[in-house]
Amino acid sequence: MNSAFKRERGVHRIEESIRVIKTFIDSDDLAAANLSVEWPNFVDSTIAEHSKPIGGKGNYLIVCVDSPSARTYMRMQSRQILKRLNDAGYGYSELKVTQGRL
């Protein structure tokens, strides 16, 4: 292979990588991924073990819980959780709670 071909091929890979990264950074999933790391800061330790933010869509956050009691707790505490999230700059106005495996 000549060096011009290698350089062109390398540039193509970099451009493709940048495109993929921009797509990922622009998505709501990145915010949810960051939030899943910070989640224990917004809910108490008991509920943190039984819940996980799984995605955001516009102004609402989807949270998965592993039991009916965790679902009830999330609904009861949604205003306080949303306030903490908004104070941290997340900007969600509603929690959608779903039950499933974490």
# chains A, B, ... in the order shown; residues from 1 in each chain; ligands from 1
call {"tool": "residues_around", "arguments": {"residues": "Thr98 of chain A", "least_positions_apart": "3", "cutoff": "8 Å", "atoms": "only C-alpha atoms", "output": "ChimeraX atom specification"}}
result
/A:62-65,71
call {"tool": "closest_residue", "arguments": {"among": "A:Asn59, A:Asn41, A:Asn34, A:Ser69", "to": "Arg84 of chain A", "atoms": "only C-alpha atoms"}}
result
A:Asn41
call {"tool": "atom_distance", "arguments": {"atom1": "atom CA of Ser51 of chain A", "atom2": "atom CA of Ser67 of chain A"}}
result
8.9 Å
call {"tool": "select_by_dssp", "arguments": {"residues": "segment 26-101 of chain A", "states": "strand (DSSP E)", "output": "number ranges by chain"}}
result
A: 51-57, 60-65, 94-99
call {"tool": "closest_residue", "arguments": {"among": "A:Tyr73, A:Pro40, A:Leu61, A:Pro68", "to": "Tyr90 of chain A", "atoms": "only C-alpha atoms"}}
result
A:Leu61
call {"tool": "closest_residue", "arguments": {"among": "A:Ala48, A:Leu102, A:Pro53, A:Arg79", "to": "Ser36 of chain A", "atoms": "only C-alpha atoms"}}
result
A:Pro53
call {"tool": "residues_around", "arguments": {"residues": "Ala88 of chain A", "least_positions_apart": "2", "cutoff": "12 Å", "atoms": "only C-alpha atoms", "output": "ChimeraX atom specification"}}
result
/A:31,34-35,38-39,41-42,81-86,90-92
call {"tool": "write_last_selection", "arguments": {"atoms": "C-alpha atoms", "output": "PDB file, in the first residue's frame"}}
result
ATOM      1  CA  ALA A  31     -27.985  12.261  29.342  1.00  0.00           C
ATOM      2  CA  ASN A  34     -24.805  10.064  32.748  1.00  0.00           C
ATOM      3  CA  LEU A  35     -27.842  10.073  34.981  1.00  0.00           C
ATOM      4  CA  GLU A  38     -25.480   9.840  39.266  1.00  0.00           C
ATOM      5  CA  TRP A  39     -28.850   8.236  40.087  1.00  0.00           C
ATOM      6  CA  ASN A  41     -27.534  11.190  44.327  1.00  0.00           C
ATOM      7  CA  PHE A  42     -31.171  11.866  43.408  1.00  0.00           C
ATOM      8  CA  ILE A  81     -36.909  13.559  42.461  1.00  0.00           C
ATOM      9  CA  LEU A  82     -37.780  15.869  39.558  1.00  0.00           C
ATOM     10  CA  LYS A  83     -36.858  18.909  41.644  1.00  0.00           C
ATOM     11  CA  ARG A  84     -33.440  17.396  42.438  1.00  0.00           C
ATOM     12  CA  LEU A  85     -32.943  16.521  38.770  1.00  0.00           C
ATOM     13  CA  ASN A  86     -33.885  20.032  37.651  1.00  0.00           C
ATOM     14  CA  TYR A  90     -31.436  17.755  33.730  1.00  0.00           C
ATOM     15  CA  GLY A  91     -34.682  19.519  32.822  1.00  0.00           C
ATOM     16  CA  TYR A  92     -37.146  16.642  33.018  1.00  0.00           C
TER      17      TYR A  92
END
